[in-house]
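Here is the structure we will look at.
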Amino acid sequence: MSFLHVKLGLKVEKETVSLTSNEEEYYMSNGISRRTFLMGAAAAGVAIAAGTYFSWNGKNIPEEVKKGDVTYDVLVIGSGGAGMRAALAAAENKGLKVAVMTKLQPTRSASTMAQGGMNGVTKVTDKEDSVESHMFDTIKGGDYLCDQDAVEYFAENAGKNIYEMDYMGFPYNRQKDGCFHQRKMGGHAHARASYFEDRAGHAMVHTLFEQCLNHGIDFISECIMLEISMNGDNLNGVIAMDMRSGNILGIPAKTIIIATGGYGRAYWVRTSNPYSSTGDGIVAGMNVGIPFKDPEMVQFHPTGLSANGVLLSESSRAEGAILVNKNGERFMAKYAPEKKELATRDIVARAIATEIEEGRGIGEGIRAGVYMDFRPIPPERIRERLGQVWELSKRFAGVDITKEPVPISPTCHYSMGGLEMADFHTGASRVKGIYVAGECSCVSVHGANRLGANSLSEVLVFGHTAGDGAAAFAKSNNYAGSQDKLAEDCSRWKDTFEEVTNRRRTVGKTVPEIRDAMVNTMWFKAGVFRDEQHLTEASKELEALEKEYSHCYVGDNSHVFNTAFYQYIELGNLLQISHAIVQGALARKESRGGHSRRDYPKRDDKNFLKHTLIFKDKKTGKYRAEYKDVVITKYQPKERKY
Amino acid sequence: MDMNLKIHRFVEGKKWVQDYKLTVKTGMTVLEALTEVKEKQDPTLSFTCSCRSSICGACAVRVNGNAELSCEVLVETLMKRYKTDTLVIEPLGNFKVIRDLVVDWDPKYATIKKIKPVIEPKKEFSLETGCKQSPEEFNKFKKYAKCILCGSCVSECNKSALNQEDFLSPFVFVKAERLVADSRNRSPQEQLKAIVEAGLWRCFNCQECTAKCPKGLDPAGAIEKLKESTFAHKLDDNVGARHAKAIYDDISDSGTLDESKLNIKSEGLIMAALRAPMAVRLMRTGKMNPMNGHPVNPEIETIRKIVKNAEAASKEAE
Ligand SMILES: Cc1cc2nc3c(=O)[nH]c(=O)nc-3n(C[C@H](O)[C@H](O)[C@H](O)COP(=O)(O)OP(=O)(O)OC[C@H]3O[C@@H](n4cnc5c(N)ncnc54)[C@H](O)[C@@H]3O)c2cc1C
Ligand code: SF4
Ligand code: SF4
Ligand code: FES
């Protein structure tokens with residue numbers, strides 16, 4: 001290993017924490033400033049040690065990465081279902097170096113939280129099911145904003161992925177003939193969601209993780225991607241921070257797959273998403289020229305616990321739970337006479353929001369809601385199939401759902417928008433070498449509204465596809481990035497870290513203060529219902545918040561597991577995401593799927609049967625909207641009725 | 001209602017206990033309390049969390065000496081349980097601490113690898129057509145598929161506290177049982193062999209893991225099931241298994257331990273370690289007192305030592 005001392009023109013400050021004597025000796029005898037040096041070896045990797053605390057001994061990062069001795073063929077960012085499925089696919093190509101980076105530990109993601117199941121046409125439970133039917137349901141559910149060729153590819157492949165997971169050991173609930181059992185989710189004409197109780201995502205993640213461990217795939221854990229490093233049109237790799245040492249890493253890669261999940265945390269407490277769904281990958285992608293497609297398409301799940309936004313699975317309604325207002329009226333019949341509670345999420349969420357607004361809800365403000373009543377379901381079945389729902393209601397709302405109804409209200413649940421996938425046969429974005437998969441991407445399969453259990457299958461189908469696509473690219477292309485640029489980007493982040501974390505308390509608002517203000521703006525002005533006036537206000541408020549963000553107080557300057565800095569980075573991303581949501585929502589003067597404008601309550605196919613593409617200008621940082629036609633193949637847009 | 005949090009801090013080599021005061025809100029979980037401290041009082045406090053709905057395993061910490069999922073357990077419940085308005089929060093036990101409440105999982109993941117954590121599907125199954133399994137077969141392992149890798153079980157494991165090098169964390173046994181009991185698996189023998197080698201018979205059977213698992217998964221039960229499986233799969237010709245059986249029969253038949261049966265050398269160690277805590281428990285209930293028996297076994301001194309260690313370990317855990 002060779003150490004290259006790179007003069008970055010930084011002052012060497014007095015150390016307060018002592019190093020081990022070995023380290024001390026080494027750096028002294030080599031005349032290297034401990035605060036700023038670059039480790040770079042024969043390969044292209046770069047690491048800037050943070051300085052005060054040289055704790056490189058964590059096994060969260062492979063040795064090769066620390067030494068800068070590796071150029072990855074495929075570097076996956078994100079260890080949700082999409083990331084790990086992609087890594088497994090890529091690693092089938094012997095000889096390719098594949099790694100998965102995650103800002104948490106590998107099994108902790110939104111994927112882990114998915115409850116209901118994953119769709120795929122297999123006909124094991126419902127013989128009448130067909131790929132056409134899955135396709136049609138998805139397109140209709142998505143309010144015709146789906147690209148139909150992509151949906152066809154998706155529906156054709158979803159079933160295959162379900163069988164593959166069976167072979168990998170997914171613990172499917174079974175039916176008498178020994179096949180996995182499938183259940184029917186909202187908006188679907190047939191039973192096609194396979195599941196493990198109400199922990200489908202957890203089971204998927206652990207199955208994939210075990211497979212990754214068994215295949216010896218590298219994990220780069222507790223490492224947060226800060227940006228994608230480019231040299232002109234060529235990909236250098238990824239700049240990331242090792243949480244444990246605070247060291248900034250420049251990891252060279254021929255291809256990267258962005259699989260960083262959604263951006264539901266723009267609504268912070270009123271979301272079912274984990275803390276980590278902050279749209280990091282989307283912002284990183286936008287910064288290198290990939291457009292953010294349909295950002296305004298955010299799904300509000302109808303049944304979050306009123307208490308705290310935590311999701312009660314869609315399978316609740318699939319199994320027979322009903323929705324009741326303050327007056328004891330089962331109101332869904334008014335909004336969706338045929339499907340009632342099983343209508344799509346957007347319709348049910350708006351029905352609940354309307355009930356609340358018109359005074360038939362219970363509770364007030366951000367916690368107002370209606371009742372979900374499980375008593376039509378036999379208690380044994382609740383225990384057998386809705387164990388998690390029972391647990392969550394009991395704990396957070398203090399309600400035993402076998403005996404009493406539980407208060408629920410809409411909660412931001414899913415990000416239909418995301419980085420544009422330019423080619424759904426390979427997962428490629430429009431930037432060479434960068435692939436996208438999962439919730440952070442927009443294929444677009446879900447259009448304006450995702451159907452239940454379609455996301456886990458999307459994650460599998462396109463994770464698989466992107467893994468194959470990136471591997472194929474890596475095999476036929478040489479690394480064309482620049483080590484110098486990678487090093488430059490590293491040192492810039494190092495400076496940022498020092499500047500930001502050493503700000504004094506007097507500089508401005510704290511990160512949580514700005515975040516809470518952002519949430520108020522987003523929930524009340526760009527939430528379930530939207531209109532011109534509120535969106536315009538939201539846009540202004542966000543701009544003001546960005547100004548405050550530029551001099552906010554972080555309050556922790558340690559290099560070791562600095563979660564305050566991490567949250568600072570996430571907030572910066574959420575603010576940009578929020579801007580894009582508002583920008584997209586303002587421009588889309590119609591109501592479609594998850595996007596509901598009070599001032600334009602109708603869908604307008606003449607003007608808006610098209611995707612929003614938000615670009616971020618590299619120089620000015622300003623956002624610009626373009627449009628792209630929706631691909632229509634088999635199904636002409638019709639009014640949606642359930 | 002006010003409460004005090006005493007949080008064990010550890011930052012860049014410095015260790016201290018820090019006090020924070022909070023107002024308890026109804027339905028406030030320990031995680032919410034920690035979050036409030038971080039957001040309103042002290043941004044340097046570090047901990048991990050992700051789902052806040054007890055499914056990702058990120059948030060386990062020790063509260064008043066016991067592992068808990070912080071996003072699951074209500075502050076109020078704990079204050080009532082311990083009859084106090086002061087909660088002491090520490091990182092999980094038997095983990096290396098990185099900072100504050102953040103612990104190092106990597107060594108644990110490394111041990112998962114030891115058991116080859118995947119099924120080898122039977123020949124009649126394929127990637128294209130999946131597998132078949134009856135609902136009854138599914139029921140046999142489904143419970144063990146629910147582990148969330150939170151580490152609560154390891155935190156209080158007595159065997160892990162003594163030595164983790166020759167043992168697997170309790171949740172790895174849970175995973176193992178999930179794989180071994182899965183009828184799709186063609187070669188559970190392979191896993192069983194690895195598990196025996198990695199320390200199956202070294203478990204003290206102290207039940208701490210089972211008491212602490214927030215998902216009610218009963219790791220100690222999984223360990224017993226795995227032991228049974230080693231017999232079913234004819235992997236019982238290892239010393240641990242053979243002697244375990246002999247002594248287990250002995251104790252369950254007569255309620256006493258005939259020391260003359262401990263006529264083994266190194267294997268005696270395994271055995272003693274295996275059953276010692278049970279012996280301790282039996283002694284306490286007055287059923288037997290092997291210490292006063294007639295030592296016909298030359299290994300008995302070593303065994304006594306181990307019984308003492310086990311006793312000390314179980315006291316420490318109380
Ligand atoms: C409560 C809940 C229930 C759901 N139920 C269902 C269901 O029943 N059926 C269904 O189909 N879908 C469901 N969904 C949706 C589904 O779980 C997600 O859409 C899907 O799992 C997304 O997977 P992903 O792999 O794209 O991203 P995620 O699972 O979100 O993974 C993102 C990964 O990226 C990592 N990451 C993020 N930023 C960075 C960074 N800067 N640096 C490094 N790593 C980073 C994260 O740590 C994480 O590992 C549910 C979602 C939630 C929240
Ligand atoms: S029963 Fe065994 S695995 Fe469980 S805590 Fe005790 S020694 Fe550890
Ligand atoms: S067995 Fe239980 S306590 Fe142990 S890691 Fe799994 S869920 Fe947590
Ligand atoms: S935060 Fe996920 S289990 Fe508690």
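Numbering starts fresh at 1 for the residues of each chain in the structure tokens, the chains themselves are lettered A, B, ... in the order given, and ligands are numbered from 1 as they appear.
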
Neighbours of ligand 2 within 10 Å, counting only C-alpha atoms and all ligand atoms, as a ChimeraX atom specification? /B:152-162,164,167-174,199-213,218-224,273-274,277,310,313-314

Residues at most 8 Å from B:Cys59, counting only C-alpha atoms, excluding those fewer than 4 positions away in the same chain, as an MDAnalysis selection string? chainID B and resid 31 47:50 69:71 150

Export, as a short mmCIF file (atom, residue, chain, number, x, y, z; two decimals), in the first residue's frame, the selected residues with N, CA, C and O atoms.
```cif
data_model
loop_
_atom_site.label_atom_id
_atom_site.label_comp_id
_atom_site.auth_asym_id
_atom_site.auth_seq_id
_atom_site.Cartn_x
_atom_site.Cartn_y
_atom_site.Cartn_z
N LEU B 31 -37.33 4.74 21.55
CA LEU B 31 -36.72 5.36 20.37
C LEU B 31 -37.15 6.83 20.24
O LEU B 31 -36.35 7.70 19.92
N PHE B 47 -27.34 6.79 17.67
CA PHE B 47 -27.99 5.48 17.75
C PHE B 47 -28.50 5.16 16.34
O PHE B 47 -28.49 6.04 15.48
N THR B 48 -28.90 3.94 16.09
CA THR B 48 -29.41 3.61 14.76
C THR B 48 -30.87 3.19 14.84
O THR B 48 -31.32 2.65 15.84
N CYS B 49 -31.58 3.46 13.77
CA CYS B 49 -32.98 3.04 13.66
C CYS B 49 -33.33 3.15 12.19
O CYS B 49 -32.65 3.83 11.43
N SER B 50 -34.38 2.44 11.79
CA SER B 50 -34.79 2.59 10.40
C SER B 50 -36.30 2.52 10.26
O SER B 50 -36.93 3.46 9.84
N LEU B 69 -36.19 -3.73 21.92
CA LEU B 69 -36.28 -2.98 20.67
C LEU B 69 -36.78 -1.60 21.05
O LEU B 69 -37.91 -1.46 21.52
N SER B 70 -35.96 -0.59 20.83
CA SER B 70 -36.35 0.71 21.36
C SER B 70 -37.56 1.30 20.65
O SER B 70 -38.29 2.09 21.21
N CYS B 71 -37.80 0.90 19.40
CA CYS B 71 -38.96 1.46 18.70
C CYS B 71 -40.25 0.78 19.12
O CYS B 71 -41.33 1.21 18.76
N CYS B 150 -31.90 -8.43 15.27
CA CYS B 150 -31.82 -7.25 16.14
C CYS B 150 -30.72 -7.39 17.18
O CYS B 150 -30.28 -6.42 17.76
#
```

Hey, what's within 12 Å of B:Arg184 if we count only C-alpha atoms and toss same-chain stuff fewer than 4 positions away? As a PyMOL selection string, please? (chain A and resi 166-172+178-179) or (chain B and resi 118-126+130-134+137-138+140-141+178-180+188)

Tell me, counting only C-alpha atoms and all ligand atoms, for each residue of chain A within 12 Å of ligand 3, which pair of atoms is nearest and how far apart they are in Å to one decimal, in rows ordered by chain and increasing number, as a tab-separated table.
```
residue	atom	partner	partner_atom_place_in_ligand_line	distance
A:Thr107	CA	ligand 3	5 (S)	11.8
A:His202	CA	ligand 3	7 (S)	11.7
A:His206	CA	ligand 3	6 (Fe)	11.6
```

Same residues, C-alpha atoms, saved as a PDB file, in the first residue's frame:
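Output file result_26.pdb is given in full below:
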```
ATOM      1  CA  THR A 107     -31.107  -5.983   6.039  1.00  0.00           C
ATOM      2  CA  HIS A 202     -38.731  -8.973   5.454  1.00  0.00           C
ATOM      3  CA  HIS A 206     -33.400 -11.935   4.388  1.00  0.00           C
TER       4      HIS A 206
END
```

Can you tell me which residues come within 7 Å of ligand 1 when counting only C-alpha atoms and all ligand atoms, ideally as a VMD selection string? chain A and resid 77 to 83 101 to 104 106 108 to 118 200 to 201 223 to 226 259 to 262 272 to 274 276 to 281 310 to 311 313 413 to 414 437 to 440 452 to 457 459

Keeping only C-alpha atoms, write the selected residues to a file as a short mmCIF file (atom, residue, chain, number, x, y, z; two decimals), in the first residue's frame.
```
data_model
loop_
_atom_site.label_atom_id
_atom_site.label_comp_id
_atom_site.auth_asym_id
_atom_site.auth_seq_id
_atom_site.Cartn_x
_atom_site.Cartn_y
_atom_site.Cartn_z
CA ILE A 77 -25.85 1.54 -4.14
CA GLY A 78 -28.59 0.31 -1.84
CA SER A 79 -29.22 -3.04 -0.22
CA GLY A 80 -33.00 -3.18 -0.50
CA GLY A 81 -34.65 -5.83 -2.62
CA ALA A 82 -33.62 -4.07 -5.83
CA GLY A 83 -29.97 -3.67 -4.85
CA MET A 101 -23.10 -0.30 -0.59
CA THR A 102 -25.65 0.75 2.00
CA LYS A 103 -25.87 3.56 4.48
CA LEU A 104 -27.28 1.18 7.09
CA PRO A 106 -27.78 -4.71 4.72
CA ARG A 108 -32.51 -2.58 6.99
CA SER A 109 -34.46 -0.85 4.26
CA ALA A 110 -37.96 -0.04 3.06
CA SER A 111 -38.00 -3.46 1.44
CA THR A 112 -37.77 -5.09 4.86
CA MET A 113 -40.97 -3.33 5.84
CA ALA A 114 -43.17 -4.47 2.96
CA GLN A 115 -46.03 -6.43 4.33
CA GLY A 116 -48.61 -7.55 1.80
CA GLY A 117 -46.77 -9.52 -0.83
CA MET A 118 -45.41 -9.51 -4.33
CA ALA A 200 -43.32 -10.41 2.68
CA GLY A 201 -40.58 -7.82 2.38
CA CYS A 223 -21.30 3.95 4.18
CA ILE A 224 -23.33 6.80 2.74
CA MET A 225 -23.04 7.75 -0.91
CA LEU A 226 -22.49 11.49 -1.16
CA ALA A 259 -31.07 1.36 -5.89
CA THR A 260 -31.46 3.77 -3.01
CA GLY A 261 -35.23 3.57 -2.59
CA GLY A 262 -37.90 6.22 -2.42
CA SER A 272 -44.89 4.78 6.34
CA ASN A 273 -41.33 4.83 5.01
CA PRO A 274 -38.21 4.15 7.04
CA SER A 276 -33.63 6.16 5.26
CA SER A 277 -36.05 6.86 2.38
CA THR A 278 -34.62 10.29 1.66
CA GLY A 279 -34.12 10.19 -2.08
CA ASP A 280 -30.30 10.34 -1.87
CA GLY A 281 -29.75 8.41 -5.07
CA VAL A 310 -46.94 3.59 10.52
CA LEU A 311 -48.58 1.45 7.88
CA SER A 313 -50.97 -3.40 5.50
CA HIS A 413 -46.28 5.51 1.21
CA TYR A 414 -44.61 5.23 -2.12
CA ALA A 437 -33.60 0.01 -10.19
CA GLY A 438 -36.35 -0.15 -7.61
CA GLU A 439 -38.26 2.64 -5.97
CA CYS A 440 -35.65 5.30 -6.75
CA GLY A 452 -50.47 -3.19 -3.91
CA ALA A 453 -47.70 -5.81 -4.14
CA ASN A 454 -46.47 -4.46 -7.46
CA SER A 455 -43.42 -2.84 -5.94
CA LEU A 456 -41.69 -5.87 -4.52
CA SER A 457 -42.14 -7.55 -7.87
CA VAL A 459 -37.85 -4.55 -7.38
#
```

Contacts of A:Ile248 at 10 Å or less, counting only C-alpha atoms, minus same-chain residues fewer than 3 places along, as a ChimeraX atom specification? /A:38,46-50,223-226,239-243,245,251,487,489-494,497

May I have the residues within 8 Å of stretch 372-388 of chain A as a VMD selection string, using only C-alpha atoms and disregarding those fewer than 2 positions away in the same chain? chain A and resid 197 to 199 303 315 to 316 319 to 324 370 390 to 392 401 to 408

Tell me, as an mmCIF file with N, CA, C and O atoms, in the first residue's frame, which residues lie within 9 Å of A:Tyr267, counting only C-alpha atoms; anything in the same chain fewer than 6 positions away does not count.
```
data_model
loop_
_atom_site.group_PDB
_atom_site.id
_atom_site.type_symbol
_atom_site.label_atom_id
_atom_site.label_comp_id
_atom_site.auth_asym_id
_atom_site.auth_seq_id
_atom_site.Cartn_x
_atom_site.Cartn_y
_atom_site.Cartn_z
ATOM 1 N N THR A 411 -51.172 8.171 4.720
ATOM 2 C CA THR A 411 -49.759 8.358 5.049
ATOM 3 C C THR A 411 -48.979 8.201 3.750
ATOM 4 O O THR A 411 -49.336 7.369 2.913
ATOM 5 N N CYS A 412 -47.961 9.036 3.567
ATOM 6 C CA CYS A 412 -47.200 8.946 2.318
ATOM 7 C C CYS A 412 -46.488 7.610 2.268
ATOM 8 O O CYS A 412 -45.778 7.226 3.192
ATOM 9 N N MET A 518 -40.178 21.967 6.711
ATOM 10 C CA MET A 518 -40.354 21.387 5.376
ATOM 11 C C MET A 518 -41.583 20.471 5.346
ATOM 12 O O MET A 518 -42.384 20.483 4.417
ATOM 13 N N VAL A 519 -41.740 19.676 6.404
ATOM 14 C CA VAL A 519 -42.844 18.731 6.459
ATOM 15 C C VAL A 519 -44.191 19.439 6.497
ATOM 16 O O VAL A 519 -45.133 19.061 5.805
ATOM 17 N N ASN A 520 -44.254 20.489 7.282
ATOM 18 C CA ASN A 520 -45.493 21.257 7.317
ATOM 19 C C ASN A 520 -45.850 21.768 5.940
ATOM 20 O O ASN A 520 -46.996 21.679 5.505
ATOM 21 N N THR A 521 -44.853 22.300 5.254
ATOM 22 C CA THR A 521 -45.078 22.770 3.897
ATOM 23 C C THR A 521 -45.566 21.627 3.009
ATOM 24 O O THR A 521 -46.582 21.745 2.325
ATOM 25 N N MET A 522 -44.865 20.526 3.053
ATOM 26 C CA MET A 522 -45.180 19.438 2.127
ATOM 27 C C MET A 522 -46.518 18.782 2.437
ATOM 28 O O MET A 522 -47.290 18.477 1.540
ATOM 29 N N TRP A 523 -46.812 18.548 3.707
ATOM 30 C CA TRP A 523 -48.052 17.825 4.043
ATOM 31 C C TRP A 523 -49.283 18.677 3.768
ATOM 32 O O TRP A 523 -50.252 18.232 3.181
ATOM 33 N N GLY A 527 -49.703 17.821 -0.333
ATOM 34 C CA GLY A 527 -50.066 16.494 0.170
ATOM 35 C C GLY A 527 -51.144 15.807 -0.648
ATOM 36 O O GLY A 527 -51.099 15.835 -1.877
#
```

Contact residues around stretch 96-98 of chain B with only C-alpha atoms at 9 Å, ignoring same-chain residues under 3 positions, as a VMD selection string: (chain A and resid 244 560 to 561) or (chain B and resid 10 to 12 91 to 93 101 to 105)
